[in-house]
>>> print(open('upload.cif').read())   # mmCIF, C-alpha atoms and all ligand atoms
data_query
#
loop_
_atom_site.group_PDB
_atom_site.id
_atom_site.type_symbol
_atom_site.label_atom_id
_atom_site.label_comp_id
_atom_site.auth_asym_id
_atom_site.auth_seq_id
_atom_site.Cartn_x
_atom_site.Cartn_y
_atom_site.Cartn_z
ATOM 1 C CA MET W 15 -26.757 39.087 43.158
ATOM 2 C CA ALA W 16 -29.722 41.380 43.260
ATOM 3 C CA GLY W 17 -31.389 40.008 46.332
ATOM 4 C CA SER W 18 -35.078 39.892 46.956
ATOM 5 C CA ASP W 19 -34.268 39.887 50.646
ATOM 6 C CA VAL W 20 -35.195 42.963 52.570
ATOM 7 C CA THR W 21 -32.038 44.920 52.278
ATOM 8 C CA GLY W 22 -30.943 43.997 48.788
ATOM 9 C CA ARG W 23 -27.411 42.899 48.034
ATOM 10 C CA ALA W 24 -25.060 42.453 50.891
ATOM 11 C CA GLY W 25 -23.048 45.034 51.000
ATOM 12 C CA THR W 26 -22.364 48.266 50.072
ATOM 13 C CA SER W 27 -20.450 50.575 51.839
ATOM 14 C CA ALA W 28 -18.463 53.549 51.324
ATOM 15 C CA ALA W 29 -15.188 52.647 52.990
ATOM 16 C CA PRO W 30 -15.037 54.012 56.548
ATOM 17 C CA ASP W 31 -12.787 56.972 57.349
ATOM 18 C CA ASP W 32 -10.870 55.410 60.221
ATOM 19 C CA PRO W 33 -7.731 53.962 58.564
ATOM 20 C CA HIS W 34 -7.613 50.730 60.634
ATOM 21 C CA LEU W 35 -11.267 50.015 60.065
ATOM 22 C CA ALA W 36 -10.930 50.917 56.385
ATOM 23 C CA ALA W 37 -8.015 48.486 56.058
ATOM 24 C CA PHE W 38 -10.107 45.733 57.691
ATOM 25 C CA VAL W 39 -13.075 46.366 55.377
ATOM 26 C CA ALA W 40 -10.804 46.403 52.309
ATOM 27 C CA ARG W 41 -9.236 43.133 53.445
ATOM 28 C CA VAL W 42 -12.543 41.253 53.707
ATOM 29 C CA TYR W 43 -14.222 43.026 50.771
ATOM 30 C CA ASP W 44 -13.400 40.545 48.000
ATOM 31 C CA GLY W 45 -14.267 37.578 50.219
ATOM 32 C CA GLU W 46 -17.701 38.994 50.946
ATOM 33 C CA HIS W 47 -18.365 39.472 47.247
ATOM 34 C CA GLN W 48 -17.233 36.009 46.210
ATOM 35 C CA GLY W 49 -19.848 34.542 43.913
ATOM 36 C CA ASP W 50 -20.998 38.013 42.830
ATOM 37 C CA GLU W 51 -19.734 37.720 39.298
ATOM 38 C CA ALA W 52 -22.678 38.987 37.281
ATOM 39 C CA ASP W 53 -21.400 42.568 37.409
ATOM 40 C CA ILE W 54 -17.932 41.486 36.268
ATOM 41 C CA ALA W 55 -19.471 39.803 33.196
ATOM 42 C CA TRP W 56 -21.552 42.985 32.671
ATOM 43 C CA ALA W 57 -18.466 45.226 32.789
ATOM 44 C CA LEU W 58 -16.545 42.980 30.401
ATOM 45 C CA ARG W 59 -19.476 42.800 27.992
ATOM 46 C CA LEU W 60 -19.923 46.583 27.947
ATOM 47 C CA ALA W 61 -16.184 47.190 27.545
ATOM 48 C CA GLY W 62 -16.134 44.687 24.684
ATOM 49 C CA GLY W 63 -18.750 46.755 22.884
ATOM 50 C CA VAL W 64 -16.724 49.975 22.816
ATOM 51 C CA ASP W 65 -13.407 50.982 21.419
ATOM 52 C CA GLY W 66 -11.164 52.878 23.794
ATOM 53 C CA PRO W 67 -10.392 53.374 27.467
ATOM 54 C CA VAL W 68 -12.755 52.448 30.260
ATOM 55 C CA ALA W 69 -13.177 54.068 33.690
ATOM 56 C CA ASP W 70 -14.098 52.055 36.788
ATOM 57 C CA LEU W 71 -15.411 54.762 39.107
ATOM 58 C CA GLY W 72 -15.513 53.893 42.789
ATOM 59 C CA CYS W 73 -13.330 50.941 41.819
ATOM 60 C CA GLY W 74 -12.768 49.777 45.409
ATOM 61 C CA THR W 75 -10.444 46.782 45.506
ATOM 62 C CA GLY W 76 -10.685 46.462 41.733
ATOM 63 C CA ARG W 77 -13.228 43.641 41.491
ATOM 64 C CA LEU W 78 -14.110 45.079 38.071
ATOM 65 C CA THR W 79 -10.804 46.807 37.271
ATOM 66 C CA VAL W 80 -8.591 43.731 37.467
ATOM 67 C CA PRO W 81 -10.708 41.518 35.155
ATOM 68 C CA LEU W 82 -11.061 44.462 32.750
ATOM 69 C CA ALA W 83 -7.305 44.980 32.589
ATOM 70 C CA ALA W 84 -6.698 41.227 32.355
ATOM 71 C CA ALA W 85 -9.066 41.118 29.376
ATOM 72 C CA GLY W 86 -6.996 43.780 27.634
ATOM 73 C CA PHE W 87 -8.931 46.991 28.369
ATOM 74 C CA GLU W 88 -7.064 50.157 29.249
ATOM 75 C CA THR W 89 -8.715 51.116 32.545
ATOM 76 C CA VAL W 90 -8.760 54.235 34.703
ATOM 77 C CA ALA W 91 -9.562 53.199 38.290
ATOM 78 C CA VAL W 92 -10.856 55.980 40.544
ATOM 79 C CA ASP W 93 -11.609 55.784 44.268
ATOM 80 C CA ARG W 94 -11.267 58.084 47.254
ATOM 81 C CA SER W 95 -10.393 55.335 49.738
ATOM 82 C CA PRO W 96 -6.637 54.821 50.241
ATOM 83 C CA ALA W 97 -7.302 51.425 51.877
ATOM 84 C CA MET W 98 -9.321 50.151 48.913
ATOM 85 C CA LEU W 99 -6.715 51.413 46.448
ATOM 86 C CA ARG W 100 -3.907 49.762 48.429
ATOM 87 C CA ARG W 101 -5.765 46.496 48.037
ATOM 88 C CA LEU W 102 -6.133 47.095 44.304
ATOM 89 C CA ARG W 103 -2.379 47.760 43.981
ATOM 90 C CA THR W 104 -1.577 44.561 45.877
ATOM 91 C CA LYS W 105 -3.868 42.550 43.598
ATOM 92 C CA LEU W 106 -2.403 44.121 40.471
ATOM 93 C CA GLY W 107 1.079 43.352 41.788
ATOM 94 C CA ARG W 108 0.307 39.654 41.332
ATOM 95 C CA HIS W 109 -0.278 40.156 37.614
ATOM 96 C CA PRO W 110 2.226 40.533 34.780
ATOM 97 C CA ALA W 111 3.459 44.004 33.870
ATOM 98 C CA ALA W 112 1.374 44.049 30.675
ATOM 99 C CA ILE W 113 -1.823 43.877 32.773
ATOM 100 C CA ARG W 114 -0.607 46.233 35.518
ATOM 101 C CA GLU W 115 0.353 48.848 32.980
ATOM 102 C CA ARG W 116 -3.149 48.950 31.541
ATOM 103 C CA VAL W 117 -4.474 50.400 34.805
ATOM 104 C CA ARG W 118 -4.150 54.014 35.815
ATOM 105 C CA ILE W 119 -5.148 54.558 39.451
ATOM 106 C CA GLU W 120 -6.496 57.925 40.547
ATOM 107 C CA ALA W 121 -7.107 58.615 44.239
ATOM 108 C CA LEU W 122 -9.881 61.166 43.893
ATOM 109 C CA ASP W 123 -13.388 62.038 44.967
ATOM 110 C CA LEU W 124 -15.783 61.465 42.077
ATOM 111 C CA SER W 125 -17.437 64.812 42.521
ATOM 112 C CA ALA W 126 -14.045 66.399 41.770
ATOM 113 C CA TRP W 127 -12.996 64.043 38.980
ATOM 114 C CA ASP W 128 -12.714 65.843 35.664
ATOM 115 C CA THR W 129 -9.443 64.947 34.099
ATOM 116 C CA HIS W 130 -10.354 63.046 30.939
ATOM 117 C CA GLU W 131 -11.917 65.542 28.575
ATOM 118 C CA ASN W 132 -13.782 63.635 25.883
ATOM 119 C CA ARG W 133 -11.457 60.670 25.923
ATOM 120 C CA LEU W 134 -13.158 57.720 27.594
ATOM 121 C CA SER W 135 -15.422 55.257 25.833
ATOM 122 C CA LEU W 136 -17.101 53.731 28.881
ATOM 123 C CA ALA W 137 -17.601 54.912 32.462
ATOM 124 C CA LEU W 138 -18.760 52.302 34.966
ATOM 125 C CA LEU W 139 -20.280 53.215 38.301
ATOM 126 C CA GLY W 140 -20.414 49.759 39.865
ATOM 127 C CA TYR W 141 -22.934 48.595 42.409
ATOM 128 C CA ASN W 142 -23.993 51.311 44.819
ATOM 129 C CA THR W 143 -21.065 53.651 44.372
ATOM 130 C CA PHE W 144 -23.569 56.238 43.170
ATOM 131 C CA ALA W 145 -25.534 55.765 46.412
ATOM 132 C CA ALA W 146 -22.491 56.945 48.349
ATOM 133 C CA LEU W 147 -23.005 60.426 46.869
ATOM 134 C CA LEU W 148 -25.219 61.853 49.572
ATOM 135 C CA THR W 149 -26.562 65.049 48.028
ATOM 136 C CA ALA W 150 -28.262 65.835 44.743
ATOM 137 C CA GLU W 151 -25.482 68.328 44.075
ATOM 138 C CA ALA W 152 -22.732 65.718 44.530
ATOM 139 C CA GLN W 153 -24.652 63.341 42.232
ATOM 140 C CA ARG W 154 -25.106 66.028 39.596
ATOM 141 C CA ARG W 155 -21.433 67.056 39.746
ATOM 142 C CA CYS W 156 -20.323 63.436 39.453
ATOM 143 C CA LEU W 157 -22.569 62.760 36.438
ATOM 144 C CA GLY W 158 -21.539 66.069 34.840
ATOM 145 C CA ASN W 159 -17.866 65.146 35.258
ATOM 146 C CA ILE W 160 -18.478 61.745 33.715
ATOM 147 C CA ARG W 161 -20.303 63.373 30.812
ATOM 148 C CA GLN W 162 -17.251 65.586 30.187
ATOM 149 C CA ALA W 163 -14.878 62.651 30.413
ATOM 150 C CA LEU W 164 -16.659 60.579 27.775
ATOM 151 C CA ARG W 165 -15.984 60.937 24.080
ATOM 152 C CA PRO W 166 -18.881 61.322 21.638
ATOM 153 C CA GLY W 167 -20.573 57.913 21.459
ATOM 154 C CA GLY W 168 -19.247 57.018 24.926
ATOM 155 C CA MET W 169 -21.446 55.294 27.485
ATOM 156 C CA LEU W 170 -22.136 55.601 31.203
ATOM 157 C CA ALA W 171 -23.369 52.431 32.942
ATOM 158 C CA LEU W 172 -24.491 52.637 36.541
ATOM 159 C CA ALA W 173 -25.783 49.983 38.946
ATOM 160 C CA THR W 174 -27.462 50.778 42.212
ATOM 161 C CA ALA W 175 -29.945 49.292 44.679
ATOM 162 C CA ALA W 176 -33.608 49.649 43.838
ATOM 163 C CA VAL W 177 -35.077 50.412 47.210
ATOM 164 C CA ALA W 178 -38.584 49.098 47.822
ATOM 165 C CA ALA W 179 -40.999 50.748 50.239
ATOM 166 C CA ARG W 180 -40.639 47.905 52.734
ATOM 167 C CA VAL W 181 -36.905 48.555 52.958
ATOM 168 C CA ILE W 182 -37.462 52.247 53.602
ATOM 169 C CA ALA W 183 -39.921 51.273 56.327
ATOM 170 C CA LEU W 184 -37.593 48.898 58.189
ATOM 171 C CA PRO W 185 -37.718 49.596 61.914
ATOM 172 C CA GLU W 186 -34.754 51.079 63.707
ATOM 173 C CA GLY W 187 -32.533 48.250 64.947
ATOM 174 C CA PHE W 188 -33.665 45.744 62.292
ATOM 175 C CA THR W 189 -30.731 43.376 61.973
ATOM 176 C CA ARG W 190 -29.883 41.066 59.120
ATOM 177 C CA GLU W 191 -27.112 38.494 59.152
ATOM 178 C CA VAL W 192 -25.504 39.056 55.773
ATOM 179 C CA TYR W 193 -23.157 36.064 56.045
ATOM 180 C CA ARG W 194 -21.224 33.791 58.329
ATOM 181 C CA ARG W 195 -18.233 32.420 56.461
ATOM 182 C CA PRO W 196 -14.693 31.114 56.789
ATOM 183 C CA ALA W 197 -12.347 34.076 56.305
ATOM 184 C CA PRO W 198 -8.941 32.728 55.267
ATOM 185 C CA GLU W 199 -7.866 36.282 54.399
ATOM 186 C CA LEU W 200 -7.848 36.960 58.163
ATOM 187 C CA GLY W 201 -5.952 33.790 59.073
ATOM 188 C CA PRO W 202 -6.379 30.010 59.164
ATOM 189 C CA GLY W 203 -9.542 28.822 60.876
ATOM 190 C CA VAL W 204 -11.020 32.316 61.250
ATOM 191 C CA GLU W 205 -14.790 32.683 60.943
ATOM 192 C CA LEU W 206 -16.327 36.030 60.064
ATOM 193 C CA THR W 207 -19.930 37.095 60.614
ATOM 194 C CA ARG W 208 -21.362 40.285 59.148
ATOM 195 C CA ARG W 209 -24.587 41.847 60.331
ATOM 196 C CA ASP W 210 -26.199 44.973 58.909
ATOM 197 C CA VAL W 211 -28.344 47.008 61.262
ATOM 198 C CA GLN W 212 -30.920 49.559 60.175
ATOM 199 C CA ARG W 213 -30.325 52.818 62.043
ATOM 200 C CA TRP W 214 -32.762 55.222 60.457
ATOM 201 C CA THR W 215 -34.372 56.273 57.208
ATOM 202 C CA ASP W 216 -34.826 59.914 56.286
ATOM 203 C CA GLU W 217 -37.494 59.747 53.591
ATOM 204 C CA THR W 218 -37.289 63.454 52.899
ATOM 205 C CA GLY W 219 -33.560 63.377 52.255
ATOM 206 C CA GLN W 220 -33.790 59.874 50.695
ATOM 207 C CA LEU W 221 -31.100 58.694 53.082
ATOM 208 C CA ARG W 222 -30.651 55.462 54.999
ATOM 209 C CA GLN W 223 -28.149 55.054 57.776
ATOM 210 C CA LEU W 224 -26.850 51.558 58.466
ATOM 211 C CA ALA W 225 -24.375 50.007 60.848
ATOM 212 C CA VAL W 226 -22.150 47.178 59.696
ATOM 213 C CA ILE W 227 -20.949 44.842 62.433
ATOM 214 C CA TYR W 228 -18.174 42.324 61.803
ATOM 215 C CA ASP W 229 -17.578 39.632 64.409
ATOM 216 C CA VAL W 230 -14.297 37.821 64.009
ATOM 217 C CA GLN W 231 -13.937 34.451 65.677
ATOM 218 C CA GLU W 232 -10.289 33.351 65.797
ATOM 219 C CA ALA W 233 -9.276 29.672 65.566
ATOM 220 C CA ASP W 234 -8.110 29.796 69.206
ATOM 221 C CA GLY W 235 -11.534 31.012 70.364
ATOM 222 C CA GLY W 236 -10.591 34.718 70.550
ATOM 223 C CA ARG W 237 -13.230 37.171 69.408
ATOM 224 C CA ARG W 238 -13.133 40.746 68.193
ATOM 225 C CA ARG W 239 -15.638 43.117 66.719
ATOM 226 C CA HIS W 240 -15.304 45.845 64.076
ATOM 227 C CA GLN W 241 -18.187 48.197 63.535
ATOM 228 C CA TYR W 242 -18.893 51.262 61.454
ATOM 229 C CA GLU W 243 -21.823 53.281 60.213
ATOM 230 C CA TYR W 244 -22.564 54.587 56.771
ATOM 231 C CA ALA W 245 -25.282 56.406 54.896
ATOM 232 C CA VAL W 246 -26.632 55.741 51.421
ATOM 233 C CA ARG W 247 -28.808 57.992 49.311
ATOM 234 C CA TYR W 248 -31.379 55.955 47.432
ATOM 235 C CA THR W 249 -32.760 57.093 44.101
ATOM 236 C CA SER W 250 -35.811 56.037 42.190
ATOM 237 C CA ARG W 251 -35.840 54.792 38.639
ATOM 238 C CA TRP W 252 -37.469 57.952 37.239
ATOM 239 C CA GLU W 253 -35.241 60.243 39.243
ATOM 240 C CA LEU W 254 -32.179 58.584 37.764
ATOM 241 C CA GLU W 255 -33.580 58.746 34.250
ATOM 242 C CA HIS W 256 -34.225 62.473 34.591
ATOM 243 C CA LEU W 257 -30.886 63.099 36.258
ATOM 244 C CA LEU W 258 -28.967 61.444 33.440
ATOM 245 C CA ALA W 259 -30.966 63.418 30.866
ATOM 246 C CA ARG W 260 -30.309 66.643 32.782
ATOM 247 C CA CYS W 261 -26.589 65.879 32.830
ATOM 248 C CA GLY W 262 -26.520 65.549 29.050
ATOM 249 C CA PHE W 263 -26.905 61.814 28.436
ATOM 250 C CA ASP W 264 -28.965 60.494 25.540
ATOM 251 C CA ASP W 265 -30.691 57.199 24.939
ATOM 252 C CA VAL W 266 -31.128 56.549 28.675
ATOM 253 C CA GLN W 267 -32.101 52.927 29.292
ATOM 254 C CA VAL W 268 -33.211 51.273 32.511
ATOM 255 C CA TRP W 269 -32.892 47.608 33.418
ATOM 256 C CA GLY W 270 -33.536 45.439 36.441
ATOM 257 C CA GLY W 271 -30.334 43.425 36.174
ATOM 258 C CA TYR W 272 -26.966 43.016 34.528
ATOM 259 C CA GLU W 273 -28.448 40.904 31.730
ATOM 260 C CA ARG W 274 -30.968 43.560 30.706
ATOM 261 C CA GLU W 275 -33.779 42.048 32.754
ATOM 262 C CA PRO W 276 -36.890 44.259 32.916
ATOM 263 C CA PHE W 277 -36.851 46.638 35.858
ATOM 264 C CA THR W 278 -39.031 45.973 38.916
ATOM 265 C CA VAL W 279 -38.412 47.602 42.266
ATOM 266 C CA GLU W 280 -38.855 44.201 43.917
ATOM 267 C CA GLY W 281 -35.885 42.868 41.948
ATOM 268 C CA GLY W 282 -33.624 45.017 44.082
ATOM 269 C CA LEU W 283 -31.323 46.208 41.313
ATOM 270 C CA LEU W 284 -31.435 49.267 39.077
ATOM 271 C CA VAL W 285 -29.075 49.334 36.094
ATOM 272 C CA VAL W 286 -29.051 52.486 33.974
ATOM 273 C CA THR W 287 -27.102 53.368 30.847
ATOM 274 C CA GLY W 288 -26.830 56.592 28.881
ATOM 275 C CA THR W 289 -24.717 57.696 25.949
ATOM 276 C CA VAL W 290 -23.059 60.903 24.820
ATOM 277 C CA ALA W 291 -24.199 62.186 21.451
HETATM 278 C C1 LIG O 301 -19.730 49.522 47.075
HETATM 279 S S1 LIG O 301 -18.035 49.863 46.768
HETATM 280 C C2 LIG O 301 -17.916 49.279 45.087
HETATM 281 C C3 LIG O 301 -16.505 48.890 44.699
HETATM 282 C C4 LIG O 301 -16.380 48.215 43.340
HETATM 283 N N1 LIG O 301 -16.898 49.027 42.261
HETATM 284 C C5 LIG O 301 -17.074 46.860 43.352
HETATM 285 O O1 LIG O 301 -18.103 46.714 42.699
HETATM 286 O O2 LIG O 301 -16.565 45.962 44.040
HETATM 287 C C6 LIG O 301 -18.080 51.619 46.582
HETATM 288 C C7 LIG O 301 -16.710 52.239 46.388
HETATM 289 O O3 LIG O 301 -16.914 53.603 45.997
HETATM 290 C C8 LIG O 301 -15.982 54.420 46.672
HETATM 291 N N2 LIG O 301 -16.567 55.760 46.755
HETATM 292 C C9 LIG O 301 -17.704 56.120 47.379
HETATM 293 N N3 LIG O 301 -17.937 57.428 47.220
HETATM 294 C C10 LIG O 301 -16.927 57.916 46.468
HETATM 295 C C11 LIG O 301 -16.598 59.209 45.980
HETATM 296 N N4 LIG O 301 -17.359 60.273 46.234
HETATM 297 N N5 LIG O 301 -15.481 59.352 45.251
HETATM 298 C C12 LIG O 301 -14.678 58.279 44.990
HETATM 299 N N6 LIG O 301 -14.928 57.037 45.437
HETATM 300 C C13 LIG O 301 -16.039 56.852 46.167
HETATM 301 C C14 LIG O 301 -15.770 53.746 48.019
HETATM 302 O O4 LIG O 301 -14.532 54.114 48.583
HETATM 303 C C15 LIG O 301 -15.841 52.266 47.633
HETATM 304 O O5 LIG O 301 -14.583 51.748 47.330
#
>>> encode(input="upload.cif", output="structure tokens", more="lines below")
Ligand SMILES: C[S@@+](CC[C@H](N)C(=O)[O-])C[C@H]1O[C@@H](n2cnc3c(N)ncnc32)[C@H](O)[C@@H]1O
Amino acid sequence: MAGSDVTGRAGTSAAPDDPHLAAFVARVYDGEHQGDEADIAWALRLAGGVDGPVADLGCGTGRLTVPLAAAGFETVAVDRSPAMLRRLRTKLGRHPAAIRERVRIEALDLSAWDTHENRLSLALLGYNTFAALLTAEAQRRCLGNIRQALRPGGMLALATAAVAARVIALPEGFTREVYRRPAPELGPGVELTRRDVQRWTDETGQLRQLAVIYDVQEADGGRRRHQYEYAVRYTSRWELEHLLARCGFDDVQVWGGYEREPFTVEGGLLVVTGTVA
């Protein structure tokens, strides 16, 4: 999953604001992450090591939430995107009541999420949700809220892209075909192509702006395009370590993958955990 290709793992996007576009992105989201199961195994393993409720923060369509609930973990699923949460509700609707009832959905911005005083055992910030927090202040507020939500002994686990210098230096307009795949979720015979385009990098603000372009090819030859832009704030390994310590986490550990691989920036993935004393 952690790619060594120039832009890291396929996709990561804060859901777009436009409701139609957001609904489209939510609809194709699970299909574009098919085969990305390492983080699901990671979430299940971490949840299995604690006793008590888990939070999936920036849960999206519930790629982590649904397997967690199905495995028996009481899960709080938080996201600010109504389209993503609709998708999660639809997916949960296909499961028995016992699984559905283990999930509490909260439609909230993470920088304003503070409703679980000392109760949670594990808080997961899945791949690149943290990167959608675009200022140091929003990051600090989010981590501070998580710290408050965790019980003593509770753990935060966060996964984000490790951004190498060559990614920061990509020229404006650099385009990468992320995939070309059958998209049955859009109809029989539909083919979907996703391209990510580098817009700009602001090294001072540690921001990258990307465009995501989806080309839909219908079975009858019809074509349509959906396109949106989003920014991510990249963080370095040491910055994250210090930030977690500043926000009150102990025993901060850094890995390069979901199986505790050693960290290298070239590996493309930064996995950090911290606990509450
Ligand atoms: C890259 S997706 C990850 C979704 C899911 N965790 C997964 O791994 O499939 C990031 C998600 O975080 C959500 N998100 C981004 N910023 C957020 C914020 N400030 N508050 C709440 N949700 C946020 C987006 O709406 C999106 O669903």
>>> residues_near_ligand(input="upload.cif", ligand="ligand LIG 301 (chain O)", cutoff="6 Å", atoms="all atoms listed in the file", output="ChimeraX atom specification")
/W:26-29,72-74,77,93-95,98,122-125,140-143,146-147
>>> write_last_selection(input="upload.cif", atoms="C-alpha atoms", output="compact mmCIF listing (two decimals), keeping the file's coordinate frame")
# COMPACT_ATOMS: atom_id res chain seq x y z
CA THR W 26 -22.36 48.27 50.07
CA SER W 27 -20.45 50.58 51.84
CA ALA W 28 -18.46 53.55 51.32
CA ALA W 29 -15.19 52.65 52.99
CA GLY W 72 -15.51 53.89 42.79
CA CYS W 73 -13.33 50.94 41.82
CA GLY W 74 -12.77 49.78 45.41
CA ARG W 77 -13.23 43.64 41.49
CA ASP W 93 -11.61 55.78 44.27
CA ARG W 94 -11.27 58.08 47.25
CA SER W 95 -10.39 55.34 49.74
CA MET W 98 -9.32 50.15 48.91
CA LEU W 122 -9.88 61.17 43.89
CA ASP W 123 -13.39 62.04 44.97
CA LEU W 124 -15.78 61.46 42.08
CA SER W 125 -17.44 64.81 42.52
CA GLY W 140 -20.41 49.76 39.86
CA TYR W 141 -22.93 48.60 42.41
CA ASN W 142 -23.99 51.31 44.82
CA THR W 143 -21.06 53.65 44.37
CA ALA W 146 -22.49 56.94 48.35
CA LEU W 147 -23.00 60.43 46.87
>>> resolve_selection(input="upload.cif", expression="the PyMOL selection byres (((chain W and resi 245) around 7) and not hetatm)", output="list in words")
Leu221, Arg222, Gln223, Leu224, Tyr244, Val246 and Arg247 of chain W
>>> residues_around(input="upload.cif", residues="Phe188 (chain W)", least_positions_apart="2", cutoff="8 Å", atoms="all atoms listed in the file", output="list in words")
Leu184, Pro185, Glu186, Arg190, Val211, Gln212 and Arg213 of chain W
>>> resolve_selection(input="upload.cif", expression="the PyMOL selection byres (((chain W and resi 50-63) around 8) and not hetatm)", output="VMD selection string")
chain W and resid 15 47 to 49 64 to 65 68 77 to 78 81 to 82 85 87 136 138 140 to 141 272 to 273
>>> closest_residue(input="upload.cif", among="W:Val177, W:Leu206, W:Ala137, W:Ala37", to="Thr287 (chain W)", atoms="all atoms listed in the file")
W:Ala137
>>> residues_around(input="upload.cif", residues="region 158-172 of chain W", least_positions_apart="2", cutoff="10 Å", atoms="only C-alpha atoms", output="ChimeraX atom specification")
/W:56-57,60-61,64-69,71,124-144,152-156,174,254,257-258,260-268,284-291
>>> build_atoms(input="upload.cif", residues="region 124-145 of chain W", atoms="N, CA and C atoms", output="compact mmCIF listing (two decimals), keeping the file's coordinate frame")
# COMPACT_ATOMS: atom_id res chain seq x y z
N LEU W 124 -15.11 61.43 43.39
CA LEU W 124 -15.78 61.46 42.08
C LEU W 124 -16.43 62.80 41.78
N SER W 125 -16.81 63.53 42.82
CA SER W 125 -17.44 64.81 42.52
C SER W 125 -16.39 65.84 42.11
N ALA W 126 -15.10 65.48 42.20
CA ALA W 126 -14.04 66.40 41.77
C ALA W 126 -13.22 65.79 40.63
N TRP W 127 -13.77 64.78 39.99
CA TRP W 127 -13.00 64.04 38.98
C TRP W 127 -13.34 64.59 37.60
N ASP W 128 -12.37 65.23 36.96
CA ASP W 128 -12.71 65.84 35.66
C ASP W 128 -11.51 65.90 34.73
N THR W 129 -10.74 64.84 34.76
CA THR W 129 -9.44 64.95 34.10
C THR W 129 -9.36 64.25 32.74
N HIS W 130 -10.47 63.85 32.17
CA HIS W 130 -10.35 63.05 30.94
C HIS W 130 -11.20 63.60 29.80
N GLU W 131 -11.11 64.87 29.60
CA GLU W 131 -11.92 65.54 28.58
C GLU W 131 -12.14 64.69 27.33
N ASN W 132 -13.35 64.28 27.14
CA ASN W 132 -13.78 63.64 25.88
C ASN W 132 -12.93 62.47 25.41
N ARG W 133 -12.41 61.70 26.33
CA ARG W 133 -11.46 60.67 25.92
C ARG W 133 -11.96 59.25 26.16
N LEU W 134 -12.79 59.08 27.20
CA LEU W 134 -13.16 57.72 27.59
C LEU W 134 -14.32 57.19 26.77
N SER W 135 -14.33 55.87 26.59
CA SER W 135 -15.42 55.26 25.83
C SER W 135 -16.51 54.71 26.74
N LEU W 136 -16.13 54.34 27.96
CA LEU W 136 -17.10 53.73 28.88
C LEU W 136 -16.77 54.16 30.30
N ALA W 137 -17.77 54.61 31.03
CA ALA W 137 -17.60 54.91 32.46
C ALA W 137 -18.54 53.99 33.23
N LEU W 138 -17.97 53.22 34.15
CA LEU W 138 -18.76 52.30 34.97
C LEU W 138 -18.86 52.85 36.38
N LEU W 139 -20.07 52.93 36.88
CA LEU W 139 -20.28 53.22 38.30
C LEU W 139 -20.87 51.93 38.86
N GLY W 140 -19.99 51.09 39.41
CA GLY W 140 -20.41 49.76 39.86
C GLY W 140 -21.36 49.85 41.04
N TYR W 141 -21.82 48.68 41.48
CA TYR W 141 -22.93 48.60 42.41
C TYR W 141 -22.81 49.53 43.62
N ASN W 142 -23.77 50.40 43.69
CA ASN W 142 -23.99 51.31 44.82
C ASN W 142 -22.92 52.34 45.10
N THR W 143 -21.99 52.53 44.19
CA THR W 143 -21.06 53.65 44.37
C THR W 143 -21.84 54.96 44.28
N PHE W 144 -22.78 55.01 43.34
CA PHE W 144 -23.57 56.24 43.17
C PHE W 144 -24.33 56.58 44.45
N ALA W 145 -24.77 55.55 45.18
CA ALA W 145 -25.53 55.76 46.41
C ALA W 145 -24.68 56.38 47.52
